[in-house]
$ cat work28.cif   # mmCIF, C-alpha atoms and all ligand atoms
data_final
#
loop_
_atom_site.label_atom_id
_atom_site.label_comp_id
_atom_site.auth_asym_id
_atom_site.auth_seq_id
_atom_site.Cartn_x
_atom_site.Cartn_y
_atom_site.Cartn_z
CA MET S 1 31.17 -0.42 6.21
CA SER S 2 28.89 2.48 6.92
CA ALA S 3 25.24 2.26 7.95
CA TRP S 4 22.64 4.95 8.36
CA THR S 5 18.91 5.43 8.85
CA SER S 6 16.48 7.80 7.25
CA SER S 7 12.82 8.78 7.54
CA ARG S 8 10.08 7.25 5.40
CA VAL S 9 9.61 10.57 3.63
CA ASP S 10 13.26 11.12 2.67
CA ALA S 11 13.94 7.41 2.15
CA GLY S 12 17.66 8.03 1.82
CA SER S 13 17.43 11.17 -0.35
CA ASN S 14 19.60 14.19 0.29
CA THR S 15 17.14 16.40 2.15
CA ASP S 16 18.37 19.44 0.20
CA TRP S 17 18.15 17.74 -3.18
CA GLN S 18 16.00 20.47 -4.75
CA GLN S 19 18.63 23.09 -3.94
CA ARG S 20 21.42 20.80 -5.16
CA LEU S 21 19.50 20.32 -8.42
CA THR S 22 18.99 24.05 -8.86
CA ASP S 23 22.72 24.66 -8.31
CA ALA S 24 23.83 21.84 -10.59
CA LEU S 25 21.53 22.89 -13.43
CA ALA S 26 22.62 26.52 -13.05
CA HIS S 27 26.18 25.42 -13.77
CA SER S 28 25.26 23.12 -16.66
CA ASN S 29 25.30 23.97 -20.33
CA GLY S 30 24.93 22.48 -23.76
CA TRP S 31 21.17 21.87 -23.60
CA SER S 32 19.19 21.97 -26.83
CA THR S 33 16.59 24.71 -27.34
CA THR S 34 13.87 22.05 -26.99
CA ILE S 35 15.05 20.83 -23.60
CA GLN S 36 16.26 24.15 -22.12
CA PRO S 37 12.74 25.27 -21.00
CA LEU S 38 12.36 22.00 -19.07
CA VAL S 39 15.79 22.49 -17.50
CA ASN S 40 14.62 25.93 -16.35
CA ARG S 41 11.44 24.54 -14.85
CA LEU S 42 13.29 21.81 -12.95
CA ALA S 43 15.85 24.34 -11.73
CA GLY S 44 12.93 26.37 -10.37
CA SER S 45 11.44 23.29 -8.60
CA GLU S 46 8.45 23.42 -10.92
CA PRO S 47 6.76 20.09 -11.73
CA LEU S 48 6.79 19.13 -15.40
CA SER S 49 3.45 19.11 -17.23
CA LEU S 50 1.97 16.45 -19.47
CA GLU S 51 3.04 18.59 -22.44
CA ASP S 52 6.61 18.63 -21.10
CA GLY S 53 6.42 14.85 -20.85
CA MET S 54 5.42 14.65 -24.52
CA VAL S 55 8.45 16.78 -25.41
CA LEU S 56 10.63 14.25 -23.58
CA TYR S 57 8.96 11.29 -25.29
CA THR S 58 9.37 12.78 -28.77
CA HIS S 59 12.78 14.42 -28.42
CA PRO S 60 15.14 12.72 -30.89
CA ASN S 61 18.16 12.85 -28.57
CA LEU S 62 17.62 10.09 -26.00
CA ASN S 63 20.97 10.81 -24.36
CA GLU S 64 19.90 14.36 -23.55
CA VAL S 65 16.73 13.08 -21.84
CA GLY S 66 18.87 10.61 -19.89
CA ARG S 67 21.39 13.30 -19.00
CA LEU S 68 18.66 15.51 -17.52
CA ALA S 69 17.22 12.60 -15.53
CA HIS S 70 20.71 11.81 -14.25
CA PHE S 71 21.02 15.36 -12.90
CA VAL S 72 17.88 14.82 -10.79
CA ARG S 73 18.95 11.36 -9.67
CA THR S 74 22.39 12.65 -8.70
CA ALA S 75 20.98 15.61 -6.74
CA ARG S 76 18.96 13.14 -4.69
CA PHE S 77 21.32 10.22 -4.27
CA GLU S 78 24.68 11.19 -5.78
CA ASN S 79 26.04 7.99 -7.30
CA LYS S 80 24.54 5.58 -4.78
CA ALA S 81 22.43 2.74 -6.14
CA PHE S 82 20.19 0.64 -3.94
CA PHE S 83 19.35 -3.04 -3.81
CA ASN S 84 18.01 -5.49 -1.27
CA SER S 85 18.23 -9.15 -0.38
CA ASN S 86 14.87 -10.68 -1.04
CA VAL S 87 12.95 -13.68 -2.30
CA HIS S 88 9.62 -13.87 -4.11
CA VAL S 89 7.13 -16.47 -2.88
CA ASN S 90 3.95 -16.42 -4.98
CA GLN S 91 1.44 -18.03 -2.66
CA THR S 92 -1.14 -19.13 -5.25
CA ASN S 93 -1.78 -18.92 -8.97
CA VAL S 94 -5.52 -19.54 -8.52
CA CYS S 95 -7.38 -16.42 -9.55
CA VAL S 96 -11.02 -15.54 -10.03
CA LEU S 97 -10.05 -12.96 -12.66
CA ALA S 98 -8.42 -13.47 -16.07
CA CYS S 99 -6.52 -10.29 -16.97
CA LYS S 100 -5.63 -10.39 -20.66
CA PHE S 101 -1.90 -9.85 -20.18
CA CYS S 102 -1.48 -12.40 -17.35
CA ALA S 103 0.51 -15.60 -18.00
CA PHE S 104 0.46 -16.64 -14.35
CA ARG S 105 -3.16 -17.16 -13.27
CA ARG S 106 -4.95 -20.51 -13.37
CA SER S 107 -8.52 -21.55 -12.71
CA LYS S 108 -9.01 -23.57 -9.53
CA ARG S 109 -9.50 -26.78 -11.51
CA ALA S 110 -6.45 -26.38 -13.79
CA LYS S 111 -3.92 -29.23 -13.56
CA ASP S 112 -1.10 -26.87 -12.66
CA ALA S 113 -3.10 -24.71 -10.23
CA TYR S 114 -1.52 -24.45 -6.78
CA ALA S 115 -2.32 -22.82 -3.45
CA MET S 116 0.33 -23.06 -0.73
CA ASP S 117 -1.05 -23.65 2.73
CA ILE S 118 0.77 -21.88 5.56
CA GLU S 119 3.08 -24.81 6.21
CA ALA S 120 4.07 -25.07 2.54
CA TYR S 121 4.69 -21.31 2.35
CA LEU S 122 6.95 -21.39 5.41
CA GLU S 123 8.82 -24.42 4.10
CA ASP S 124 9.42 -22.63 0.82
CA LEU S 125 10.60 -19.46 2.52
CA ALA S 126 12.81 -21.42 4.93
CA GLN S 127 15.09 -22.42 2.03
CA TYR S 128 16.09 -18.78 1.54
CA ALA S 129 15.43 -17.24 4.95
CA GLU S 130 19.04 -17.18 6.10
CA HIS S 131 20.07 -14.95 3.19
CA VAL S 132 17.15 -12.50 2.86
CA ASP S 133 15.46 -9.79 4.89
CA GLU S 134 12.36 -9.43 2.70
CA VAL S 135 9.75 -11.76 1.27
CA HIS S 136 7.78 -10.39 -1.67
CA SER S 137 4.45 -12.22 -1.97
CA VAL S 138 1.75 -11.53 -4.51
CA GLY S 139 -0.57 -14.01 -6.15
CA GLY S 140 -3.97 -14.71 -7.62
CA LEU S 141 -7.31 -13.81 -6.07
CA HIS S 142 -8.10 -17.08 -4.35
CA PRO S 143 -11.86 -17.51 -3.97
CA ASP S 144 -11.61 -18.91 -0.41
CA TRP S 145 -8.86 -16.82 1.18
CA GLY S 146 -10.16 -13.79 3.07
CA VAL S 147 -8.31 -11.46 5.40
CA GLU S 148 -8.24 -14.12 8.14
CA HIS S 149 -6.11 -16.42 5.99
CA TYR S 150 -3.54 -13.70 5.39
CA GLU S 151 -3.54 -12.67 9.06
CA ASP S 152 -2.67 -16.26 9.96
CA LEU S 153 -0.04 -16.44 7.21
CA PHE S 154 1.67 -13.18 8.18
CA ARG S 155 1.63 -13.98 11.92
CA ALA S 156 3.16 -17.38 11.27
CA THR S 157 5.80 -15.88 8.96
CA ARG S 158 6.83 -13.18 11.41
CA LYS S 159 6.98 -15.72 14.23
CA ALA S 160 9.15 -18.11 12.25
CA PHE S 161 11.36 -15.43 10.63
CA PRO S 162 11.27 -12.23 12.70
CA HIS S 163 14.11 -10.70 10.65
CA ILE S 164 12.11 -10.86 7.42
CA THR S 165 9.84 -7.98 6.35
CA ILE S 166 6.69 -9.00 4.51
CA LYS S 167 6.08 -6.96 1.38
CA ALA S 168 2.88 -8.39 -0.01
CA LEU S 169 -0.46 -8.04 -1.78
CA THR S 170 -1.32 -5.81 -4.70
CA ALA S 171 -4.21 -3.36 -4.62
CA VAL S 172 -6.58 -5.79 -6.29
CA GLU S 173 -5.73 -8.44 -3.69
CA ILE S 174 -6.57 -5.92 -0.96
CA LYS S 175 -9.86 -5.17 -2.72
CA HIS S 176 -10.62 -8.90 -2.99
CA LEU S 177 -9.88 -9.53 0.71
CA SER S 178 -11.99 -6.52 1.70
CA GLN S 179 -14.92 -7.86 -0.28
CA LEU S 180 -14.59 -11.44 0.99
CA SER S 181 -14.30 -10.28 4.62
CA ASN S 182 -16.79 -7.42 4.34
CA LEU S 183 -14.37 -4.74 5.53
CA ASP S 184 -13.36 -1.38 4.11
CA TYR S 185 -9.83 -0.89 2.75
CA GLY S 186 -8.57 0.85 5.88
CA GLN S 187 -9.88 -1.91 8.17
CA THR S 188 -8.40 -4.64 5.97
CA LEU S 189 -5.01 -2.96 5.81
CA ALA S 190 -4.93 -2.15 9.53
CA ARG S 191 -5.63 -5.80 10.37
CA LEU S 192 -2.96 -7.04 7.98
CA LYS S 193 -0.45 -4.55 9.35
CA ASP S 194 -1.23 -5.73 12.87
CA ALA S 195 -0.57 -9.28 11.73
CA GLY S 196 2.84 -8.37 10.32
CA LEU S 197 2.43 -6.89 6.84
CA GLY S 198 5.29 -4.42 6.35
CA SER S 199 4.67 -2.79 2.97
CA LEU S 200 2.72 -3.11 -0.31
CA PRO S 201 4.76 -3.79 -3.47
CA GLY S 202 2.48 -1.62 -5.62
CA GLY S 203 1.81 -4.05 -8.45
CA GLY S 204 -1.37 -3.99 -10.46
CA ALA S 205 -1.46 -0.29 -11.30
CA GLU S 206 -0.96 -1.22 -14.97
CA ILE S 207 -2.11 2.06 -16.59
CA LEU S 208 -4.41 4.20 -14.46
CA ASP S 209 -6.92 4.79 -17.20
CA ASP S 210 -10.24 2.96 -17.08
CA ASP S 211 -10.59 2.62 -20.85
CA VAL S 212 -7.23 0.81 -21.02
CA ARG S 213 -8.07 -1.25 -17.95
CA ALA S 214 -11.38 -2.39 -19.47
CA ILE S 215 -9.39 -4.04 -22.25
CA ILE S 216 -6.24 -5.36 -20.56
CA CYS S 217 -7.48 -6.21 -17.06
CA ASN S 218 -11.26 -6.12 -17.04
CA GLY S 219 -12.62 -6.74 -13.53
CA LYS S 220 -9.56 -5.45 -11.70
CA GLU S 221 -9.79 -2.45 -9.41
CA SER S 222 -10.53 0.85 -11.16
CA SER S 223 -7.90 3.61 -11.40
CA GLN S 224 -9.59 5.44 -8.55
CA GLU S 225 -9.73 2.28 -6.42
CA TYR S 226 -5.98 1.72 -6.92
CA LEU S 227 -5.33 5.23 -5.64
CA ASP S 228 -7.85 4.86 -2.80
CA ILE S 229 -6.28 1.58 -1.62
CA HIS S 230 -2.81 3.11 -1.56
CA ARG S 231 -4.13 6.21 0.20
CA ALA S 232 -5.72 3.92 2.82
CA ALA S 233 -2.42 2.04 3.21
CA HIS S 234 -0.52 5.28 3.77
CA SER S 235 -3.13 6.43 6.27
CA VAL S 236 -2.65 3.31 8.43
CA GLY S 237 1.14 3.80 8.33
CA LEU S 238 2.10 1.35 5.59
CA SER S 239 4.48 2.71 3.01
CA THR S 240 4.05 1.37 -0.50
CA ASN S 241 5.61 1.26 -3.92
CA CYS S 242 3.69 1.95 -7.12
CA THR S 243 4.13 0.61 -10.63
CA MET S 244 3.34 1.19 -14.29
CA LEU S 245 2.98 -1.58 -16.86
CA PHE S 246 3.71 -0.01 -20.22
CA GLY S 247 3.85 -1.27 -23.80
CA THR S 248 0.39 -2.80 -24.00
CA ILE S 249 -2.22 -0.63 -25.73
CA GLU S 250 -1.83 2.70 -23.93
CA THR S 251 -0.91 6.05 -25.49
CA LEU S 252 2.05 8.16 -24.37
CA GLU S 253 -0.42 10.66 -22.89
CA GLN S 254 -1.97 7.89 -20.78
CA ARG S 255 1.47 6.93 -19.44
CA LEU S 256 2.17 10.53 -18.51
CA GLN S 257 -1.23 11.01 -16.90
CA HIS S 258 -0.54 7.83 -14.91
CA MET S 259 2.71 9.35 -13.59
CA ILE S 260 0.93 12.61 -12.76
CA SER S 261 -1.87 10.83 -10.83
CA LEU S 262 0.69 9.00 -8.72
CA ARG S 263 2.85 12.03 -8.06
CA GLU S 264 -0.25 13.96 -6.90
CA LEU S 265 -1.19 11.22 -4.43
CA ALA S 266 2.45 11.04 -3.32
CA SER S 267 2.46 14.79 -2.66
CA GLU S 268 -0.70 14.39 -0.59
CA THR S 269 0.24 11.35 1.53
CA LYS S 270 4.07 11.18 1.37
CA GLY S 271 3.59 7.41 1.49
CA PHE S 272 5.08 6.17 -1.78
CA GLN S 273 8.72 5.11 -1.62
CA CYS S 274 9.42 3.90 -5.09
CA PHE S 275 7.98 4.04 -8.60
CA VAL S 276 8.56 0.96 -10.73
CA PRO S 277 7.93 1.37 -14.47
CA TYR S 278 8.19 -1.96 -16.27
CA PRO S 279 7.42 -3.07 -19.81
CA PHE S 280 4.90 -5.71 -20.82
CA LEU S 281 6.50 -9.09 -21.58
CA PRO S 282 4.49 -10.85 -24.24
CA ASP S 283 5.18 -14.62 -24.05
CA ASP S 284 2.21 -16.89 -23.38
CA THR S 285 -0.14 -14.04 -22.69
CA ARG S 286 -3.18 -13.03 -24.61
CA LEU S 287 -2.59 -9.52 -25.85
CA PRO S 288 -1.54 -9.73 -29.52
CA GLU S 289 -2.30 -6.03 -30.02
CA ALA S 290 0.42 -5.01 -27.53
CA GLN S 291 2.95 -2.54 -28.89
CA LEU S 292 5.95 -3.87 -26.89
CA ALA S 293 8.57 -1.40 -25.71
CA THR S 294 12.05 -1.42 -27.23
CA GLY S 295 15.23 -1.09 -25.14
CA SER S 296 15.58 2.64 -25.83
CA GLU S 297 11.90 3.19 -25.02
CA ILE S 298 12.39 1.43 -21.68
CA LEU S 299 15.36 3.67 -20.85
CA ARG S 300 13.46 6.76 -21.99
CA THR S 301 10.42 5.83 -19.87
CA ILE S 302 12.60 5.34 -16.80
CA ALA S 303 14.26 8.72 -17.41
CA ILE S 304 10.90 10.44 -17.92
CA SER S 305 9.57 8.84 -14.72
CA ARG S 306 12.45 10.43 -12.81
CA LEU S 307 11.74 13.81 -14.41
CA MET S 308 7.95 13.80 -14.05
CA ILE S 309 7.67 12.39 -10.51
CA HIS S 310 9.36 14.65 -8.00
CA SER S 311 7.33 13.44 -5.00
CA ILE S 312 8.41 9.78 -4.98
CA PRO S 313 12.06 9.37 -3.96
CA HIS S 314 13.13 6.18 -5.72
CA ILE S 315 12.82 5.08 -9.34
CA LYS S 316 13.41 1.39 -9.78
CA ALA S 317 14.94 -0.35 -12.78
CA TYR S 318 13.20 -3.67 -12.16
CA ARG S 319 15.90 -6.10 -13.23
CA MET S 320 13.56 -9.06 -12.97
CA ASN S 321 11.60 -7.58 -15.84
CA ILE S 322 14.06 -5.59 -17.97
CA GLY S 323 17.15 -7.76 -17.46
CA ASP S 324 20.48 -7.00 -15.83
CA GLU S 325 22.08 -5.23 -18.80
CA LEU S 326 19.32 -2.67 -19.21
CA ALA S 327 19.00 -2.24 -15.44
CA GLU S 328 22.70 -1.39 -15.31
CA LEU S 329 22.30 1.23 -18.05
CA ALA S 330 19.16 2.61 -16.39
CA LEU S 331 21.27 3.64 -13.39
CA GLN S 332 22.66 6.36 -15.69
CA PHE S 333 19.16 7.27 -16.93
CA GLY S 334 17.49 8.34 -13.69
CA ALA S 335 17.01 5.05 -11.85
CA ASP S 336 18.64 4.58 -8.44
CA ASP S 337 17.38 1.12 -7.42
CA ILE S 338 17.57 -2.28 -9.11
CA ASP S 339 15.38 -4.30 -6.71
CA GLY S 340 16.82 -7.39 -5.12
CA THR S 341 18.57 -10.71 -5.26
CA VAL S 342 15.10 -12.30 -5.80
CA GLN S 343 16.35 -15.91 -6.11
CA LYS S 344 12.90 -17.27 -6.96
CA GLU S 345 10.14 -15.69 -9.06
CA SER S 346 7.27 -17.00 -11.18
CA ILE S 347 5.15 -14.21 -12.60
CA MET S 348 7.69 -12.44 -14.83
CA HIS S 349 9.41 -15.69 -15.80
CA LEU S 350 6.15 -17.25 -16.99
CA ALA S 351 5.69 -14.12 -19.10
CA GLY S 352 9.10 -14.51 -20.72
CA SER S 353 11.71 -12.99 -18.40
CA THR S 354 15.13 -14.60 -18.68
CA THR S 355 16.77 -12.63 -15.85
CA PRO S 356 18.88 -15.00 -13.71
CA LEU S 357 17.43 -15.93 -10.33
CA ASP S 358 20.62 -16.99 -8.60
CA HIS S 359 22.17 -13.57 -8.10
CA ASP S 360 23.80 -13.11 -4.78
CA ARG S 361 24.65 -9.75 -3.30
CA PHE S 362 28.15 -9.90 -4.72
CA GLN S 363 26.89 -10.13 -8.29
CA LEU S 364 24.38 -7.33 -7.79
CA ALA S 365 27.09 -5.16 -6.27
CA ARG S 366 29.32 -5.80 -9.29
CA LEU S 367 26.51 -4.82 -11.62
CA ILE S 368 26.07 -1.56 -9.70
CA LYS S 369 29.81 -0.85 -9.60
CA ASP S 370 30.10 -1.52 -13.33
CA ALA S 371 27.49 1.23 -13.81
CA GLY S 372 29.78 3.62 -11.92
CA CYS S 373 27.69 3.63 -8.72
CA ILE S 374 28.19 2.73 -5.06
CA PRO S 375 26.15 -0.33 -4.02
CA ILE S 376 23.94 0.33 -1.01
CA GLN S 377 21.97 -2.47 0.58
CA ARG S 378 18.65 -1.17 1.91
CA ASN S 379 15.78 -2.60 3.88
CA THR S 380 12.23 -2.90 2.48
CA THR S 381 11.04 0.47 3.77
CA TYR S 382 14.14 2.45 2.80
CA GLU S 383 14.85 3.43 6.37
CA SER S 384 18.14 1.67 6.94
CA PHE S 385 21.07 1.51 4.57
CA GLU S 386 24.51 0.01 4.46
CA ILE S 387 27.29 0.47 1.96
CA TYR S 388 28.00 -2.97 0.59
CA VAL S 389 31.65 -3.70 0.08
CA PRO S 390 31.92 -6.74 -2.16
CA PRO S 391 34.92 -9.02 -1.96
CA GLU S 392 37.56 -8.33 -4.58
CA PRO S 393 36.74 -10.23 -7.77
CA LYS S 394 39.18 -12.96 -8.80
CA ARG S 395 41.98 -11.60 -10.92
CA ARG S 396 41.34 -12.19 -14.58
CA LYS S 397 43.69 -14.63 -16.25
CA ARG S 398 46.25 -12.89 -18.34
CA LEU S 399 45.57 -13.10 -22.03
CA LYS S 400 47.97 -15.39 -23.84
CA VAL S 401 50.14 -13.46 -26.22
CA VAL S 402 50.73 -15.30 -29.43
CA GLN S 403 54.46 -15.81 -29.95
CA GLU S 404 55.68 -15.23 -33.47
S1 LIG C 501 -2.91 -10.11 -13.03
FE1 LIG C 501 -3.49 -10.74 -10.93
S2 LIG C 501 -5.70 -10.38 -10.85
FE2 LIG C 501 -5.16 -10.42 -13.02
S3 LIG C 501 -5.45 -12.56 -13.66
FE3 LIG C 501 -3.29 -12.34 -13.09
S4 LIG C 501 -3.23 -13.00 -10.97
FE4 LIG C 501 -5.38 -12.54 -11.44
#
$ encode --input "work28.cif" --output "structure tokens"
Amino acid sequence: MSAWTSSRVDAGSNTDWQQRLTDALAHSNGWSTTIQPLVNRLAGSEPLSLEDGMVLYTHPNLNEVGRLAHFVRTARFENKAFFNSNVHVNQTNVCVLACKFCAFRRSKRAKDAYAMDIEAYLEDLAQYAEHVDEVHSVGGLHPDWGVEHYEDLFRATRKAFPHITIKALTAVEIKHLSQLSNLDYGQTLARLKDAGLGSLPGGGAEILDDDVRAIICNGKESSQEYLDIHRAAHSVGLSTNCTMLFGTIETLEQRLQHMISLRELASETKGFQCFVPYPFLPDDTRLPEAQLATGSEILRTIAISRLMIHSIPHIKAYRMNIGDELAELALQFGADDIDGTVQKESIMHLAGSTTPLDHDRFQLARLIKDAGCIPIQRNTTYESFEIYVPPEPKRRKRLKVVQE
């Protein structure tokens, strides 16, 4: 076993990763004439442009795009791949909005609407608490729950389970609490942090383009508000993740501009830890015009995320959304993190995810090892890490040889 700590900015990266990348690319060969200019820019620590991103999206050789992303991933993390031990508790499905793609939300009067009070939330978490060090909680915009409710919830959670970090609330939930409690974003976030909030998961970015947002999530925070809320979180000392929901109605340019907006904020605040690109899952939602990403498009988008976003250390292959098989492959296409054991999740599963929820650390570690990587268990804020040594798998039974 080996454990180490890191700063929020490095988040486990090799601190000299840019130099390592320059050296590795200098010794590489076999690039096509289309990709070689991008290789040169990355070797010179130059950020890729939107036009470069379009080259990557339209290049016919997916493996070459993945190979380049793997160079960057390896310069940063070698062949380590990160996971954590967590559980999702979605505190309520009652929501005052009705985003077009959302299969989870319910109106307050719906038969299957629920809103866990603090006792119910703690009871739910208690079933998993012994095995996790993170609870991931996002939910609907409940019309009656202001910042005071969440202060009480987080204080009670930290008191009952001091070893568990609370990663909770998307940007639109922060906006909703700020409005209900008549506070600005910084005040809301500072109060929640004081009460025990440890990090924001970064959900709800969808595509940071207001024309797309007006169609797929009308009424949610604007693109600028998403960025402002995360900037406010970073300024009060909360590190956050950020996401991208792709495969609805957006163009490739809008995806790339989304990545560029986030990398610029990351360069300014140094507060993003992880970028999580995940595809839209169509079941039971209300977006028939969605384009739906294919498996190769998912891998390509993960690889392009790694190549476009130099200022956010981790790129996550969100297994809860893309499935274990694709998450495993993505570790060779620029991703370095596969999220956690999860154990319980509603939002993606209501939208059609079939990813198993009963994964223990051993199974995740096997998935990572099968991808040729070293499994590293991390904490929520990517400041402490431990190499996870799984028990030896049971020996496979010998195949019976048919006797002539
Ligand atoms: S995505 Fe969030 S804000 Fe939108 S309807 Fe669903 S729960 Fe509500």
$ residues_near_ligand --input "work28.cif" --ligand "ligand LIG 501 (chain C)" --cutoff "9 Å" --atoms "all atoms listed in the file" --output "PyMOL selection string"
chain S and resi 92-106+138-142+170+172-173+203-204+217-220+347
$ atom_distance --input "work28.cif" --atom1 "CA of Leu238 in chain S" --atom2 "CA of Lys159 in chain S"
19.7 Å
$ residues_around --input "work28.cif" --residues "range 271-279 of chain S" --least-positions-apart "5" --cutoff "7 Å" --atoms "all atoms listed in the file" --output "PyMOL selection string"
chain S and resi 11+234+239-247+266+293+298+302+312-318+321
$ closest_residue --input "work28.cif" --among "S:Asn61, S:Gln332, S:Gln36, S:Ser178" --to "Leu192 in chain S" --atoms "only C-alpha atoms"
S:Ser178
$ axis_aligned_box --input "work28.cif" --around "range 98-117 of chain S" --padding-each-side "5 Å" --output "AutoDock Vina command-line options"
--center_x -4.5 --center_y -19.5 --center_z -9.0 --size_x 20.0 --size_y 29.4 --size_z 33.4
$ atom_distance --input "work28.cif" --atom1 "CA of Leu208 in chain S" --atom2 "CA of Leu281 in chain S"
18.6 Å
$ residues_around --input "work28.cif" --residues "Pro37 in chain S" --least-positions-apart "3" --cutoff "12 Å" --atoms "all atoms listed in the file" --output "short mmCIF file (atom, residue, chain, number, x, y, z; two decimals) with C-alpha atoms, in the frame of the given file"
data_model
loop_
_atom_site.label_atom_id
_atom_site.label_comp_id
_atom_site.auth_asym_id
_atom_site.auth_seq_id
_atom_site.Cartn_x
_atom_site.Cartn_y
_atom_site.Cartn_z
CA LEU S 25 21.53 22.89 -13.43
CA TRP S 31 21.17 21.87 -23.60
CA SER S 32 19.19 21.97 -26.83
CA THR S 33 16.59 24.71 -27.34
CA THR S 34 13.87 22.05 -26.99
CA ASN S 40 14.62 25.93 -16.35
CA ARG S 41 11.44 24.54 -14.85
CA LEU S 42 13.29 21.81 -12.95
CA ALA S 43 15.85 24.34 -11.73
CA GLY S 44 12.93 26.37 -10.37
CA GLU S 46 8.45 23.42 -10.92
CA LEU S 48 6.79 19.13 -15.40
CA SER S 49 3.45 19.11 -17.23
CA GLU S 51 3.04 18.59 -22.44
CA ASP S 52 6.61 18.63 -21.10
CA VAL S 55 8.45 16.78 -25.41
CA LEU S 56 10.63 14.25 -23.58
CA LEU S 68 18.66 15.51 -17.52
#
$ closest_residue --input "work28.cif" --among "S:Val135, S:Ala81, S:Met308, S:Ala115" --to "Leu367 in chain S" --atoms "all atoms listed in the file"
S:Ala81
$ closest_residue --input "work28.cif" --among "S:Leu364, S:Ile166, S:Ala290, S:Met54" --to "Asp324 in chain S" --atoms "only C-alpha atoms"
S:Leu364
$ atom_distance --input "work28.cif" --atom1 "CA of Asp144 in chain S" --atom2 "CA of Gln91 in chain S"
13.3 Å
$ residues_around --input "work28.cif" --residues "Gly372 in chain S" --least-positions-apart "2" --cutoff "9 Å" --atoms "all atoms listed in the file" --output "PDB file with C-alpha atoms, in the coordinates of the input"
ATOM      1  CA  ASN S  79      26.040   7.990  -7.300  1.00  0.00           C
ATOM      2  CA  LEU S 331      21.270   3.640 -13.390  1.00  0.00           C
ATOM      3  CA  GLN S 332      22.660   6.360 -15.690  1.00  0.00           C
ATOM      4  CA  ILE S 368      26.070  -1.560  -9.700  1.00  0.00           C
ATOM      5  CA  LYS S 369      29.810  -0.850  -9.600  1.00  0.00           C
ATOM      6  CA  ASP S 370      30.100  -1.520 -13.330  1.00  0.00           C
ATOM      7  CA  ILE S 374      28.190   2.730  -5.060  1.00  0.00           C
TER       8      ILE S 374
END
$ closest_residue --input "work28.cif" --among "S:Ala113, S:Leu307, S:Val132, S:Ala233" --to "Leu21 in chain S" --atoms "only C-alpha atoms"
S:Leu307
$ build_atoms --input "work28.cif" --residues "range 40-53 of chain S" --atoms "N, CA and C atoms" --output "PDB file, keeping the file's coordinate frame"
ATOM      1  N   ASN S  40      14.943  24.739 -17.157  1.00  0.00           N
ATOM      2  CA  ASN S  40      14.620  25.930 -16.350  1.00  0.00           C
ATOM      3  C   ASN S  40      13.528  25.618 -15.332  1.00  0.00           C
ATOM      4  N   ARG S  41      12.527  24.862 -15.779  1.00  0.00           N
ATOM      5  CA  ARG S  41      11.440  24.540 -14.850  1.00  0.00           C
ATOM      6  C   ARG S  41      11.948  23.672 -13.697  1.00  0.00           C
ATOM      7  N   LEU S  42      12.767  22.687 -14.019  1.00  0.00           N
ATOM      8  CA  LEU S  42      13.290  21.810 -12.950  1.00  0.00           C
ATOM      9  C   LEU S  42      14.196  22.603 -12.008  1.00  0.00           C
ATOM     10  N   ALA S  43      14.971  23.519 -12.586  1.00  0.00           N
ATOM     11  CA  ALA S  43      15.850  24.340 -11.730  1.00  0.00           C
ATOM     12  C   ALA S  43      15.024  25.205 -10.791  1.00  0.00           C
ATOM     13  N   GLY S  44      13.816  25.565 -11.217  1.00  0.00           N
ATOM     14  CA  GLY S  44      12.930  26.370 -10.370  1.00  0.00           C
ATOM     15  C   GLY S  44      11.996  25.520  -9.514  1.00  0.00           C
ATOM     16  N   SER S  45      12.254  24.233  -9.400  1.00  0.00           N
ATOM     17  CA  SER S  45      11.440  23.290  -8.600  1.00  0.00           C
ATOM     18  C   SER S  45       9.985  23.269  -9.056  1.00  0.00           C
ATOM     19  N   GLU S  46       9.814  23.423 -10.382  1.00  0.00           N
ATOM     20  CA  GLU S  46       8.450  23.420 -10.920  1.00  0.00           C
ATOM     21  C   GLU S  46       8.172  22.039 -11.510  1.00  0.00           C
ATOM     22  N   PRO S  47       7.046  21.409 -11.149  1.00  0.00           N
ATOM     23  CA  PRO S  47       6.760  20.090 -11.730  1.00  0.00           C
ATOM     24  C   PRO S  47       6.561  20.185 -13.241  1.00  0.00           C
ATOM     25  N   LEU S  48       6.981  19.142 -13.953  1.00  0.00           N
ATOM     26  CA  LEU S  48       6.790  19.130 -15.400  1.00  0.00           C
ATOM     27  C   LEU S  48       5.334  18.769 -15.725  1.00  0.00           C
ATOM     28  N   SER S  49       4.840  19.351 -16.823  1.00  0.00           N
ATOM     29  CA  SER S  49       3.450  19.110 -17.230  1.00  0.00           C
ATOM     30  C   SER S  49       3.375  17.922 -18.184  1.00  0.00           C
ATOM     31  N   LEU S  50       2.156  17.519 -18.495  1.00  0.00           N
ATOM     32  CA  LEU S  50       1.970  16.450 -19.470  1.00  0.00           C
ATOM     33  C   LEU S  50       2.586  16.843 -20.823  1.00  0.00           C
ATOM     34  N   GLU S  51       2.448  18.116 -21.174  1.00  0.00           N
ATOM     35  CA  GLU S  51       3.040  18.590 -22.440  1.00  0.00           C
ATOM     36  C   GLU S  51       4.559  18.474 -22.391  1.00  0.00           C
ATOM     37  N   ASP S  52       5.153  18.799 -21.252  1.00  0.00           N
ATOM     38  CA  ASP S  52       6.610  18.630 -21.100  1.00  0.00           C
ATOM     39  C   ASP S  52       6.985  17.154 -21.293  1.00  0.00           C
ATOM     40  N   GLY S  53       6.165  16.289 -20.718  1.00  0.00           N
ATOM     41  CA  GLY S  53       6.420  14.850 -20.850  1.00  0.00           C
ATOM     42  C   GLY S  53       6.400  14.424 -22.310  1.00  0.00           C
TER      43      GLY S  53
END
